[in-house]
file data-v7.txt (compact mmCIF, C-alpha atoms)
# COMPACT_ATOMS: atom_id res chain seq x y z
CA MET A 182 0.00 0.00 0.00
CA PRO A 183 1.49 3.32 -0.98
CA ARG A 184 2.75 5.24 1.98
CA ARG A 185 1.03 8.40 0.80
CA PHE A 186 -2.31 6.58 0.86
CA ILE A 187 -1.78 5.41 4.45
CA VAL A 188 -0.85 8.93 5.54
CA SER A 189 -4.00 10.18 3.88
CA ILE A 190 -6.17 7.64 5.73
CA VAL A 191 -4.60 8.49 9.09
CA ALA A 192 -5.09 12.19 8.44
CA SER A 193 -8.73 11.65 7.50
CA MET A 194 -9.38 9.62 10.63
CA ALA A 195 -7.76 12.27 12.81
CA ALA A 196 -9.93 14.91 11.18
CA LEU A 197 -13.05 12.83 11.78
CA ILE A 198 -12.26 12.21 15.42
CA SER A 199 -11.45 15.84 16.15
CA SER A 200 -14.48 17.16 14.29
CA PRO A 201 -17.00 18.57 16.78
CA GLY A 202 -19.85 17.09 14.79
CA LEU A 203 -18.55 13.57 15.33
CA SER A 204 -17.27 13.78 18.86
CA LEU A 205 -17.82 10.48 20.62
CA ALA A 206 -18.78 12.31 23.80
CA GLN A 207 -21.81 13.91 22.23
CA THR A 208 -24.93 12.05 23.22
CA TRP A 209 -28.64 12.62 23.35
CA ASP A 210 -30.90 11.65 26.24
CA SER A 211 -28.32 10.81 28.90
CA ALA A 212 -29.76 9.37 32.13
CA GLY A 213 -26.56 10.07 34.05
CA LEU A 214 -23.02 8.89 34.50
CA PRO A 215 -22.28 5.17 34.67
CA GLN A 216 -21.74 3.89 38.20
CA SER A 217 -18.05 3.35 37.37
CA ALA A 218 -17.64 7.15 37.36
CA PHE A 219 -18.15 7.14 41.12
CA GLY A 220 -15.15 5.02 42.02
CA PRO A 221 -12.29 6.24 44.21
CA SER A 222 -10.06 7.17 41.25
CA GLN A 223 -10.95 10.85 41.26
CA THR A 224 -7.84 12.15 42.97
CA THR A 225 -6.13 13.23 39.76
CA SER A 226 -8.62 15.96 38.96
CA ALA A 227 -7.48 19.45 38.09
CA PRO A 228 -7.97 22.11 40.78
CA ALA A 229 -11.36 23.73 41.16
CA PRO A 230 -11.86 27.04 39.36
CA ARG A 231 -12.50 30.00 41.62
CA ARG A 232 -16.12 30.88 42.44
CA ASP A 233 -17.44 28.68 39.70
CA LEU A 234 -19.92 25.82 40.08
CA SER A 235 -21.03 25.80 36.47
CA GLY A 236 -21.37 22.48 34.74
CA ILE A 237 -23.58 19.42 34.57
CA TRP A 238 -23.31 17.37 37.76
CA ASP A 239 -24.43 13.89 38.75
CA ALA A 240 -24.46 12.27 42.19
CA GLY A 241 -25.26 8.81 40.79
CA SER A 242 -27.03 6.46 43.17
CA ALA A 243 -25.92 8.58 46.17
CA GLY A 244 -28.36 11.23 44.94
CA ILE A 245 -31.37 8.96 45.16
CA ALA A 246 -33.10 8.26 48.47
CA PRO A 247 -36.13 6.03 47.78
CA THR A 248 -36.72 5.23 51.45
CA GLY A 249 -36.37 8.79 52.67
CA HIS A 250 -34.17 10.05 55.49
CA VAL A 251 -33.89 9.62 59.24
CA ALA A 252 -35.04 12.92 60.70
CA SER A 253 -34.59 14.57 64.07
CA PRO A 254 -37.36 13.84 66.61
CA PHE A 255 -40.73 15.37 65.73
CA THR A 256 -42.41 18.12 67.69
CA PRO A 257 -46.10 17.70 68.70
CA TRP A 258 -46.94 19.93 65.68
CA ALA A 259 -45.27 17.45 63.35
CA GLU A 260 -46.88 14.45 65.07
CA GLU A 261 -50.26 16.00 64.35
CA ARG A 262 -49.34 16.72 60.74
CA LEU A 263 -48.15 13.11 60.27
CA LYS A 264 -51.67 11.81 60.86
CA ASP A 265 -52.58 13.00 57.37
CA MET A 266 -49.40 11.87 55.60
CA LYS A 267 -49.40 8.31 54.26
CA PRO A 268 -46.03 7.53 52.69
CA GLY A 269 -45.14 4.52 50.59
CA ASN A 270 -41.72 4.17 52.15
CA GLY A 271 -39.92 4.52 55.45
CA PRO A 272 -41.00 3.48 58.95
CA ARG A 273 -44.58 4.74 58.53
CA SER A 274 -45.19 3.26 55.08
CA VAL A 275 -48.69 2.09 54.16
CA THR A 276 -49.88 -0.25 51.44
CA GLU A 277 -50.18 1.05 47.94
CA GLN A 278 -53.87 1.96 47.85
CA PHE A 279 -53.50 4.23 50.91
CA ILE A 280 -50.41 6.17 49.82
CA ASN A 281 -51.19 9.88 49.52
CA ASP A 282 -47.75 11.18 48.64
CA PRO A 283 -48.61 14.20 46.48
CA LEU A 284 -45.56 13.78 44.28
CA ASN A 285 -45.80 10.08 43.62
CA THR A 286 -49.56 9.75 43.31
CA LEU A 287 -50.57 13.07 41.73
CA CYS A 288 -47.35 14.34 40.19
CA ASP A 289 -47.55 17.48 42.32
CA PRO A 290 -44.24 19.33 42.30
CA ALA A 291 -41.57 17.71 44.46
CA GLY A 292 -40.83 21.19 45.77
CA PHE A 293 -37.71 22.22 47.60
CA PRO A 294 -35.88 20.67 49.40
CA ARG A 295 -37.38 17.35 48.29
CA THR A 296 -35.95 17.93 44.85
CA VAL A 297 -32.46 17.55 46.32
CA LEU A 298 -33.40 15.01 49.01
CA TYR A 299 -35.13 12.40 46.84
CA GLU A 300 -34.26 12.20 43.15
CA LEU A 301 -31.13 14.28 42.91
CA ARG A 302 -30.48 13.31 39.32
CA PRO A 303 -28.18 15.06 36.85
CA THR A 304 -28.34 18.78 37.47
CA GLN A 305 -26.90 21.69 35.54
CA ILE A 306 -25.61 24.78 37.29
CA VAL A 307 -25.40 28.03 35.35
CA GLN A 308 -23.95 31.25 36.76
CA THR A 309 -24.77 34.77 35.69
CA SER A 310 -23.47 38.02 37.16
CA ASN A 311 -26.20 38.08 39.82
CA GLN A 312 -27.68 34.56 39.94
CA VAL A 313 -26.85 30.91 40.23
CA LEU A 314 -29.38 28.90 38.24
CA ILE A 315 -29.91 25.25 39.11
CA LEU A 316 -31.58 23.20 36.37
CA TYR A 317 -32.83 19.81 37.50
CA MET A 318 -33.30 16.93 35.08
CA TYR A 319 -35.78 15.43 37.51
CA GLU A 320 -39.12 17.17 36.90
CA LYS A 321 -37.35 19.46 34.41
CA ARG A 322 -37.47 22.33 36.90
CA TRP A 323 -35.14 25.12 37.88
CA ARG A 324 -34.32 27.32 40.85
CA VAL A 325 -32.88 30.81 41.00
CA ILE A 326 -30.32 31.53 43.72
CA TRP A 327 -29.82 35.27 43.99
CA THR A 328 -26.19 36.22 44.59
CA ASP A 329 -26.66 40.00 44.32
CA GLY A 330 -26.54 40.56 48.07
CA ARG A 331 -30.28 40.89 48.61
CA GLN A 332 -31.96 39.79 51.84
CA LEU A 333 -34.54 37.02 51.96
CA PRO A 334 -38.14 38.32 51.89
CA LYS A 335 -39.72 39.18 55.24
CA ASP A 336 -43.27 37.99 54.55
CA PRO A 337 -43.16 35.70 51.53
CA ASP A 338 -46.07 33.99 49.87
CA PRO A 339 -45.59 30.21 49.93
CA ARG A 340 -43.74 28.75 46.97
CA TRP A 341 -43.18 25.14 45.95
CA TYR A 342 -39.46 25.92 45.55
CA GLY A 343 -39.02 28.74 48.04
CA TYR A 344 -36.89 31.87 47.91
CA SER A 345 -33.12 31.49 47.78
CA VAL A 346 -30.08 33.68 48.29
CA GLY A 347 -26.46 32.60 48.08
CA ARG A 348 -23.10 33.93 49.14
CA TRP A 349 -19.56 32.69 48.64
CA GLU A 350 -18.15 31.60 51.96
CA ASP A 351 -14.80 31.15 50.30
CA ASP A 352 -13.67 30.80 46.68
CA TYR A 353 -14.90 27.22 46.48
CA THR A 354 -17.98 27.15 48.73
CA LEU A 355 -21.37 28.63 47.94
CA VAL A 356 -23.81 28.71 50.87
CA VAL A 357 -27.49 28.98 49.95
CA GLN A 358 -30.32 29.89 52.34
CA THR A 359 -33.90 29.10 51.33
CA ILE A 360 -37.21 29.95 53.01
CA GLY A 361 -40.89 30.28 52.11
CA MET A 362 -41.63 26.65 51.17
CA ASP A 363 -45.25 25.58 50.80
CA GLU A 364 -46.28 23.28 53.66
CA ARG A 365 -47.97 20.91 51.21
CA THR A 366 -44.62 19.57 50.07
CA TRP A 367 -43.04 16.59 51.77
CA LEU A 368 -39.35 16.48 52.58
CA ASP A 369 -38.85 12.94 51.32
CA ASN A 370 -40.34 9.56 50.50
CA ALA A 371 -40.67 8.68 54.19
CA GLY A 372 -43.22 11.46 54.53
CA ASN A 373 -41.18 13.72 56.79
CA PRO A 374 -43.17 16.96 57.05
CA HIS A 375 -42.12 20.57 57.30
CA SER A 376 -43.72 23.80 58.42
CA PHE A 377 -43.65 27.22 56.78
CA ASP A 378 -40.88 28.06 59.26
CA LEU A 379 -38.52 25.70 57.45
CA ARG A 380 -35.15 27.19 56.61
CA VAL A 381 -32.78 25.13 54.50
CA GLU A 382 -29.05 25.64 54.16
CA GLU A 383 -27.26 24.11 51.19
CA ARG A 384 -23.50 24.12 51.00
CA TYR A 385 -21.95 23.55 47.58
CA HIS A 386 -18.25 22.91 48.01
CA ARG A 387 -16.22 22.41 44.84
CA VAL A 388 -13.46 20.08 45.93
CA ASN A 389 -11.71 20.08 42.55
CA ARG A 390 -12.66 20.52 38.91
CA ASP A 391 -14.57 17.24 38.79
CA THR A 392 -16.19 17.02 42.23
CA LEU A 393 -18.82 19.12 43.95
CA GLU A 394 -20.01 18.21 47.45
CA LEU A 395 -23.52 18.99 48.63
CA THR A 396 -24.53 19.30 52.28
CA VAL A 397 -28.13 20.10 53.23
CA THR A 398 -29.28 21.12 56.71
CA ILE A 399 -32.95 21.21 57.72
CA ASN A 400 -33.82 23.80 60.35
CA ASP A 401 -37.50 23.79 61.22
CA PRO A 402 -38.11 24.32 64.95
CA THR A 403 -41.88 24.03 64.46
CA ALA A 404 -41.57 20.47 63.13
CA TYR A 405 -38.29 19.14 64.56
CA THR A 406 -36.69 19.37 67.98
CA LYS A 407 -33.29 20.12 66.43
CA PRO A 408 -31.70 20.70 63.01
CA TRP A 409 -30.75 17.66 60.95
CA MET A 410 -28.64 16.95 57.93
CA PRO A 411 -30.19 14.68 55.30
CA ARG A 412 -27.31 15.29 52.89
CA ASN A 413 -23.78 15.31 54.22
CA ARG A 414 -21.06 15.97 51.63
CA VAL A 415 -22.75 13.99 48.87
CA PRO A 416 -20.26 14.00 45.98
CA LEU A 417 -21.47 15.09 42.56
CA LYS A 418 -19.30 14.37 39.56
CA LEU A 419 -18.84 16.66 36.56
CA MET A 420 -20.41 15.35 33.37
CA PRO A 421 -19.07 16.08 29.87
CA PRO A 422 -20.17 19.57 28.81
CA ASP A 423 -21.91 18.26 25.69
CA THR A 424 -24.21 15.90 27.60
CA ASP A 425 -27.84 16.17 26.57
CA LEU A 426 -30.02 15.15 29.51
CA ARG A 427 -33.19 13.13 29.35
CA GLU A 428 -36.55 14.74 29.85
CA TRP A 429 -38.19 13.53 33.04
CA ILE A 430 -41.64 14.89 33.66
CA CYS A 431 -44.39 13.23 35.62
CA ALA A 432 -47.51 14.40 33.79
CA PRO A 433 -50.74 14.34 35.83
CA SER A 434 -52.54 12.52 33.01
CA GLU A 435 -49.91 9.77 33.11
CA ALA A 436 -50.19 9.53 36.88
CA ALA A 437 -53.96 9.20 36.56
CA ALA A 438 -53.60 6.47 33.94
CA TYR A 439 -51.18 4.62 36.18
CA ARG A 440 -53.55 4.90 39.15
CA SER A 441 -56.40 3.62 37.04
CA VAL A 442 -54.48 0.49 36.05
CA VAL A 443 -53.33 -0.20 39.60
CA ASP A 444 -56.81 0.36 41.03
CA SER A 445 -58.51 -1.91 38.51
CA GLN A 446 -56.01 -4.72 39.19
CA ASN A 447 -56.46 -4.33 42.94
CA LYS A 448 -60.22 -4.42 42.47
CA LEU A 449 -59.88 -7.89 40.95
CA ALA A 450 -58.52 -9.11 44.29
CA THR A 451 -61.31 -7.38 46.20
CA ASP A 452 -63.98 -8.85 43.92
CA LYS A 453 -62.64 -12.35 44.43
CA LYS A 454 -63.14 -12.16 48.19
CA MET B 13 -59.83 -21.03 43.27
CA ARG B 14 -56.65 -19.47 44.44
CA HIS B 15 -54.46 -22.44 43.51
CA LYS B 16 -56.04 -22.49 40.07
CA PHE B 17 -55.57 -18.78 39.74
CA PHE B 18 -51.88 -19.22 40.26
CA GLY B 19 -51.78 -22.55 38.51
CA MET B 20 -49.13 -21.69 35.99
CA ILE B 21 -47.15 -19.54 38.30
CA LEU B 22 -43.88 -21.03 39.34
CA THR B 23 -42.50 -20.22 42.72
CA ALA B 24 -39.17 -18.66 42.05
CA GLY B 25 -37.66 -18.95 45.49
CA PRO B 26 -35.11 -16.46 46.64
CA LEU B 27 -33.23 -14.95 43.76
CA VAL B 28 -29.62 -14.03 44.12
CA LEU B 29 -30.23 -10.68 42.48
CA ALA B 30 -29.88 -7.82 44.92
CA LEU B 31 -32.16 -5.30 43.36
CA PRO B 32 -33.60 -2.03 44.55
CA LEU B 33 -37.17 -1.50 45.59
CA VAL B 34 -39.36 0.72 43.54
CA ALA B 35 -39.10 4.23 44.84
CA HIS B 36 -42.71 5.10 45.34
CA HIS B 37 -43.84 2.15 47.34
CA GLY B 38 -41.82 0.01 49.66
CA ALA B 39 -42.35 -3.52 50.89
CA ALA B 40 -45.65 -2.74 52.60
CA SER B 41 -47.75 -3.76 49.59
CA PHE B 42 -45.57 -6.39 47.98
CA ASP B 43 -44.41 -9.77 49.12
CA VAL B 44 -40.66 -9.54 48.73
CA ALA B 45 -40.18 -12.93 50.43
CA ASN B 46 -42.32 -14.90 47.99
CA LEU B 47 -41.30 -14.00 44.48
CA ARG B 48 -43.30 -15.47 41.63
CA THR B 49 -42.26 -16.29 38.11
CA LEU B 50 -44.86 -15.96 35.36
CA LYS B 51 -44.75 -16.98 31.74
CA GLY B 52 -47.07 -14.89 29.65
CA THR B 53 -47.87 -13.05 26.47
CA VAL B 54 -47.33 -9.32 26.28
CA THR B 55 -50.46 -7.28 25.56
CA GLU B 56 -49.01 -3.82 26.20
CA TRP B 57 -45.80 -2.12 27.37
CA VAL B 58 -46.45 1.31 28.85
CA TRP B 59 -43.29 3.43 29.03
CA SER B 60 -44.25 6.38 31.21
CA ASN B 61 -43.98 8.02 34.62
CA PRO B 62 -44.36 7.56 37.49
CA HIS B 63 -43.80 3.86 36.67
CA CYS B 64 -43.68 1.86 33.48
CA PHE B 65 -45.79 -1.26 33.42
CA LEU B 66 -45.91 -4.41 31.37
CA LYS B 67 -49.27 -6.06 30.79
CA ILE B 68 -49.19 -9.81 30.20
CA ASP B 69 -51.77 -12.54 29.83
CA VAL B 70 -50.94 -15.66 31.81
CA LYS B 71 -52.74 -18.90 30.99
CA ASP B 72 -53.29 -21.56 33.63
CA GLU B 73 -53.59 -25.35 33.12
CA SER B 74 -57.29 -25.11 32.35
CA GLY B 75 -56.70 -22.47 29.73
CA ALA B 76 -58.11 -19.64 31.82
CA VAL B 77 -56.25 -16.39 31.25
CA THR B 78 -55.31 -13.94 33.98
CA HIS B 79 -54.32 -10.46 32.99
CA TRP B 80 -51.29 -9.37 35.02
CA VAL B 81 -49.82 -5.92 35.42
CA VAL B 82 -46.11 -5.85 36.11
CA GLU B 83 -44.83 -2.57 37.46
CA THR B 84 -41.31 -1.35 36.92
CA GLN B 85 -39.52 1.80 37.94
CA ASN B 86 -39.57 5.00 35.91
CA PRO B 87 -38.20 5.21 32.34
CA THR B 88 -34.96 6.91 33.43
CA THR B 89 -34.03 4.25 35.95
CA MET B 90 -35.06 1.45 33.62
CA THR B 91 -32.94 2.95 30.85
CA GLN B 92 -29.94 2.81 33.17
CA GLY B 93 -30.67 -0.89 33.66
CA GLY B 94 -30.65 -1.52 29.91
CA TRP B 95 -34.42 -1.45 29.36
CA SER B 96 -36.02 0.55 26.58
CA ARG B 97 -39.28 1.79 25.15
CA ARG B 98 -39.17 -0.74 22.34
CA MET B 99 -38.10 -3.85 24.22
CA PHE B 100 -41.55 -5.48 24.25
CA LYS B 101 -44.27 -5.70 21.65
CA PRO B 102 -47.71 -7.29 21.85
CA GLY B 103 -47.51 -11.03 21.32
CA ASP B 104 -44.02 -11.45 22.80
CA GLU B 105 -43.66 -14.46 25.06
CA VAL B 106 -41.82 -13.41 28.20
CA THR B 107 -40.94 -14.77 31.61
CA VAL B 108 -41.24 -12.32 34.47
CA THR B 109 -40.14 -12.68 38.06
CA LEU B 110 -41.94 -10.31 40.39
CA GLU B 111 -42.87 -9.41 43.93
CA PRO B 112 -46.62 -10.09 44.02
CA ASN B 113 -49.09 -7.85 45.76
CA LYS B 114 -49.87 -9.22 49.24
CA ASN B 115 -53.60 -8.75 48.63
CA GLY B 116 -53.62 -11.40 45.89
CA ALA B 117 -54.28 -8.96 43.05
CA PRO B 118 -52.62 -9.87 39.74
CA ILE B 119 -50.12 -7.07 40.03
CA GLY B 120 -46.53 -7.01 41.17
CA LEU B 121 -43.18 -5.28 41.06
CA VAL B 122 -40.71 -6.65 38.54
CA ARG B 123 -37.45 -8.22 39.64
CA SER B 124 -36.30 -9.58 36.31
CA VAL B 125 -37.52 -10.43 32.87
CA ILE B 126 -36.46 -12.92 30.19
CA LEU B 127 -37.08 -11.64 26.67
CA PRO B 128 -38.10 -13.85 23.72
CA ASN B 129 -34.43 -13.97 22.61
CA GLY B 130 -33.40 -15.37 26.00
CA GLN B 131 -31.83 -12.16 27.26
CA LYS B 132 -32.38 -11.65 30.97
CA LEU B 133 -32.59 -8.18 32.45
CA GLY B 134 -32.72 -7.15 36.09
CA ALA B 135 -35.01 -4.39 37.19
CA GLY B 136 -32.46 -1.80 38.06
CA GLY B 137 -28.88 -1.31 37.20
CA ALA B 138 -26.19 1.25 37.73
CA GLY B 139 -27.51 4.45 39.15
CA SER B 140 -30.90 3.04 40.00
CA ALA B 141 -32.79 3.85 43.13
CA ARG B 142 -30.83 1.99 45.75
CA PRO B 143 -31.69 2.79 49.33
CA PRO B 144 -28.77 4.52 51.00
CA GLU B 145 -26.82 2.37 53.44
CA LYS B 146 -27.63 3.35 57.00

call {"tool": "encode", "arguments": {"input": "data-v7.txt", "output": "structure tokens"}}
result
Amino acid sequence: MPRRFIVSIVASMAALISSPGLSLAQTWDSAGLPQSAFGPSQTTSAPAPRRDLSGIWDAGSAGIAPTGHVASPFTPWAEERLKDMKPGNGPRSVTEQFINDPLNTLCDPAGFPRTVLYELRPTQIVQTSNQVLILYMYEKRWRVIWTDGRQLPKDPDPRWYGYSVGRWEDDYTLVVQTIGMDERTWLDNAGNPHSFDLRVEERYHRVNRDTLELTVTINDPTAYTKPWMPRNRVPLKLMPPDTDLREWICAPSEAAAYRSVVDSQNKLATDKK
Amino acid sequence: MRHKFFGMILTAGPLVLALPLVAHHGAASFDVANLRTLKGTVTEWVWSNPHCFLKIDVKDESGAVTHWVVETQNPTTMTQGGWSRRMFKPGDEVTVTLEPNKNGAPIGLVRSVILPNGQKLGAGGAGSARPPEK
């Protein structure tokens, strides 16, 4: 084979591989990093950039808490509230037909902080001059963290996702305070409640270029006898910048169709008795 | 009636697969200690939130057909386990191992499935909803 021909083939292949349109990393519909990305071999990462959390992050299975969290002891207020909450998981779980979890049975919004306490799936962080935007694959929702120095509102109307402000504690740690969450939202799959007095602190600590650690503290003296920490330095890994994330929306019509199927099957058992 | 109802259902016994529970309901409804294995014909595969479900017709020895609904997790988690929107079509003969509902209803949570080509898939996979270790 003529040498010139071989050189030509090698050059063509190199051009193909380096062409942005044919990059092997480009994908559509990613569900997240493979579990192998969460091994211990992350010590060779480049240093973290200063005051920069931007990127697409994934906590893998550590981000998912199907059974909920172990909370601090409840106050009498919370004990009363629990009488109306019938979770499908955790120590107070009920059988399927009695579950009234608003997220899982009706596709109500997960709300904050449940969105980071239950299905913390791949999440993109975008920074502007006065905001940090957090875009969640799960539910396809976003939050705005104001970093322009403003104070939290004094008398907010309830929101599913609250009101958030952030400040840089150091060059690699953003601390976010959030208030004003609607009492209808649950904290997790175990049906841990919260009051309107809930204040949540999130700490985003960028350990290096590839790792971001999330710590979440629940402070709700109306519902819990002391603060508790459902997320403690959960590591999120940086995904390739050209990752296209899946759409994940629980549509109420789909939830209703699902309920209808489950109910009609359960009715077969009832009819037999 | 009950034994006839489950006539063609094989008792699977404890599987070695360590698989996650479905996120939205725990063990309260489903009998995780008595898995069942069903051979049936697919009538529909619904790929949607909050859970996908596979509908299969299972025939017993007398020829009576029971319509089963086999729940899975959500499409994202199932995708991570190698499942897909097009993996079943009506008429496919499949073997499903599931956690049956404790109330005797013909509904259960999937543990594994064997496709017509013999491929076996678990009901989870990397990144699926594993309970955190306490």

call {"tool": "closest_atom_pairs", "arguments": {"input": "data-v7.txt", "of": "chain A", "to": "chain B", "cutoff": "7 Å", "atoms": "all atoms listed in the file", "output": "Markdown table"}}
result
| residue | atom | partner | partner_atom | distance |
| --- | --- | --- | --- | --- |
| A:Ala212 | CA | B:Thr88 | CA | 5.9 |
| A:Pro215 | CA | B:Ala138 | CA | 6.3 |
| A:Gln216 | CA | B:Ala138 | CA | 5.2 |
| A:Gly241 | CA | B:Gly139 | CA | 5.2 |
| A:Ser242 | CA | B:Gly139 | CA | 4.5 |
| A:Ala243 | CA | B:Pro144 | CA | 6.9 |
| A:Ile245 | CA | B:Ala141 | CA | 5.7 |
| A:Ala246 | CA | B:Pro143 | CA | 5.7 |
| A:Pro247 | CA | B:Ala35 | CA | 4.6 |
| A:Thr248 | CA | B:Pro143 | CA | 6.0 |
| A:Gly269 | CA | B:His37 | CA | 4.2 |
| A:Asn270 | CA | B:Gly38 | CA | 4.8 |
| A:Ser274 | CA | B:Ala40 | CA | 6.5 |
| A:Val275 | CA | B:Ala40 | CA | 5.9 |
| A:Thr276 | CA | B:Ser41 | CA | 4.5 |
| A:Glu277 | CA | B:Ser41 | CA | 5.6 |
| A:Asn285 | CA | B:His36 | CA | 6.1 |
| A:Cys431 | CA | B:Asn61 | CA | 5.3 |
| A:Glu435 | CA | B:Asn61 | CA | 6.4 |
| A:Ala436 | CA | B:Pro62 | CA | 6.2 |
| A:Gln446 | CA | B:Ala117 | CA | 6.0 |
| A:Asn447 | CA | B:Ala117 | CA | 5.1 |
| A:Leu449 | CA | B:Ala117 | CA | 6.1 |
| A:Ala450 | CA | B:Ala117 | CA | 4.4 |

call {"tool": "atom_distance", "arguments": {"input": "data-v7.txt", "atom1": "atom CA of A:Asp233", "atom2": "atom CA of A:Gln207"}}
result
23.3 Å

call {"tool": "atom_distance", "arguments": {"input": "data-v7.txt", "atom1": "atom CA of A:Pro433", "atom2": "atom CA of A:Cys288"}}
result
5.5 Å

call {"tool": "residues_around", "arguments": {"input": "data-v7.txt", "residues": "stretch 357-374 of chain A", "least_positions_apart": "5", "cutoff": "8 Å", "atoms": "all atoms listed in the file", "output": "count of residues only"}}
result
51

call {"tool": "atom_distance", "arguments": {"input": "data-v7.txt", "atom1": "atom CA of B:Gly130", "atom2": "atom CA of B:Val108"}}
result
11.9 Å

call {"tool": "residues_near_point", "arguments": {"input": "data-v7.txt", "point": "(-53.1, -5.1, 23.3)", "cutoff": "7 Å", "atoms": "only C-alpha atoms", "output": "ChimeraX atom specification"}}
result
/B:55-56,102

call {"tool": "residues_near_point", "arguments": {"input": "data-v7.txt", "point": "(-40.4, -9.6, 24.1)", "cutoff": "7 Å", "atoms": "only C-alpha atoms", "output": "ChimeraX atom specification"}}
result
/B:99-101,104-106,127-128

call {"tool": "residues_around", "arguments": {"input": "data-v7.txt", "residues": "A:Val313", "least_positions_apart": "6", "cutoff": "12 Å", "atoms": "all atoms listed in the file", "output": "JSON list (two decimals) with C-alpha atoms, in the frame of the given file"}}
result
[["chain", "number", "residue", "atom", "x", "y", "z"],
["A", 232, "ARG", "CA", -16.12, 30.88, 42.44],
["A", 233, "ASP", "CA", -17.44, 28.68, 39.70],
["A", 234, "LEU", "CA", -19.92, 25.82, 40.08],
["A", 235, "SER", "CA", -21.03, 25.80, 36.47],
["A", 236, "GLY", "CA", -21.37, 22.48, 34.74],
["A", 305, "GLN", "CA", -26.90, 21.69, 35.54],
["A", 306, "ILE", "CA", -25.61, 24.78, 37.29],
["A", 307, "VAL", "CA", -25.40, 28.03, 35.35],
["A", 323, "TRP", "CA", -35.14, 25.12, 37.88],
["A", 324, "ARG", "CA", -34.32, 27.32, 40.85],
["A", 325, "VAL", "CA", -32.88, 30.81, 41.00],
["A", 326, "ILE", "CA", -30.32, 31.53, 43.72],
["A", 327, "TRP", "CA", -29.82, 35.27, 43.99],
["A", 328, "THR", "CA", -26.19, 36.22, 44.59],
["A", 329, "ASP", "CA", -26.66, 40.00, 44.32],
["A", 345, "SER", "CA", -33.12, 31.49, 47.78],
["A", 346, "VAL", "CA", -30.08, 33.68, 48.29],
["A", 347, "GLY", "CA", -26.46, 32.60, 48.08],
["A", 348, "ARG", "CA", -23.10, 33.93, 49.14],
["A", 349, "TRP", "CA", -19.56, 32.69, 48.64],
["A", 355, "LEU", "CA", -21.37, 28.63, 47.94],
["A", 356, "VAL", "CA", -23.81, 28.71, 50.87],
["A", 357, "VAL", "CA", -27.49, 28.98, 49.95],
["A", 385, "TYR", "CA", -21.95, 23.55, 47.58]]
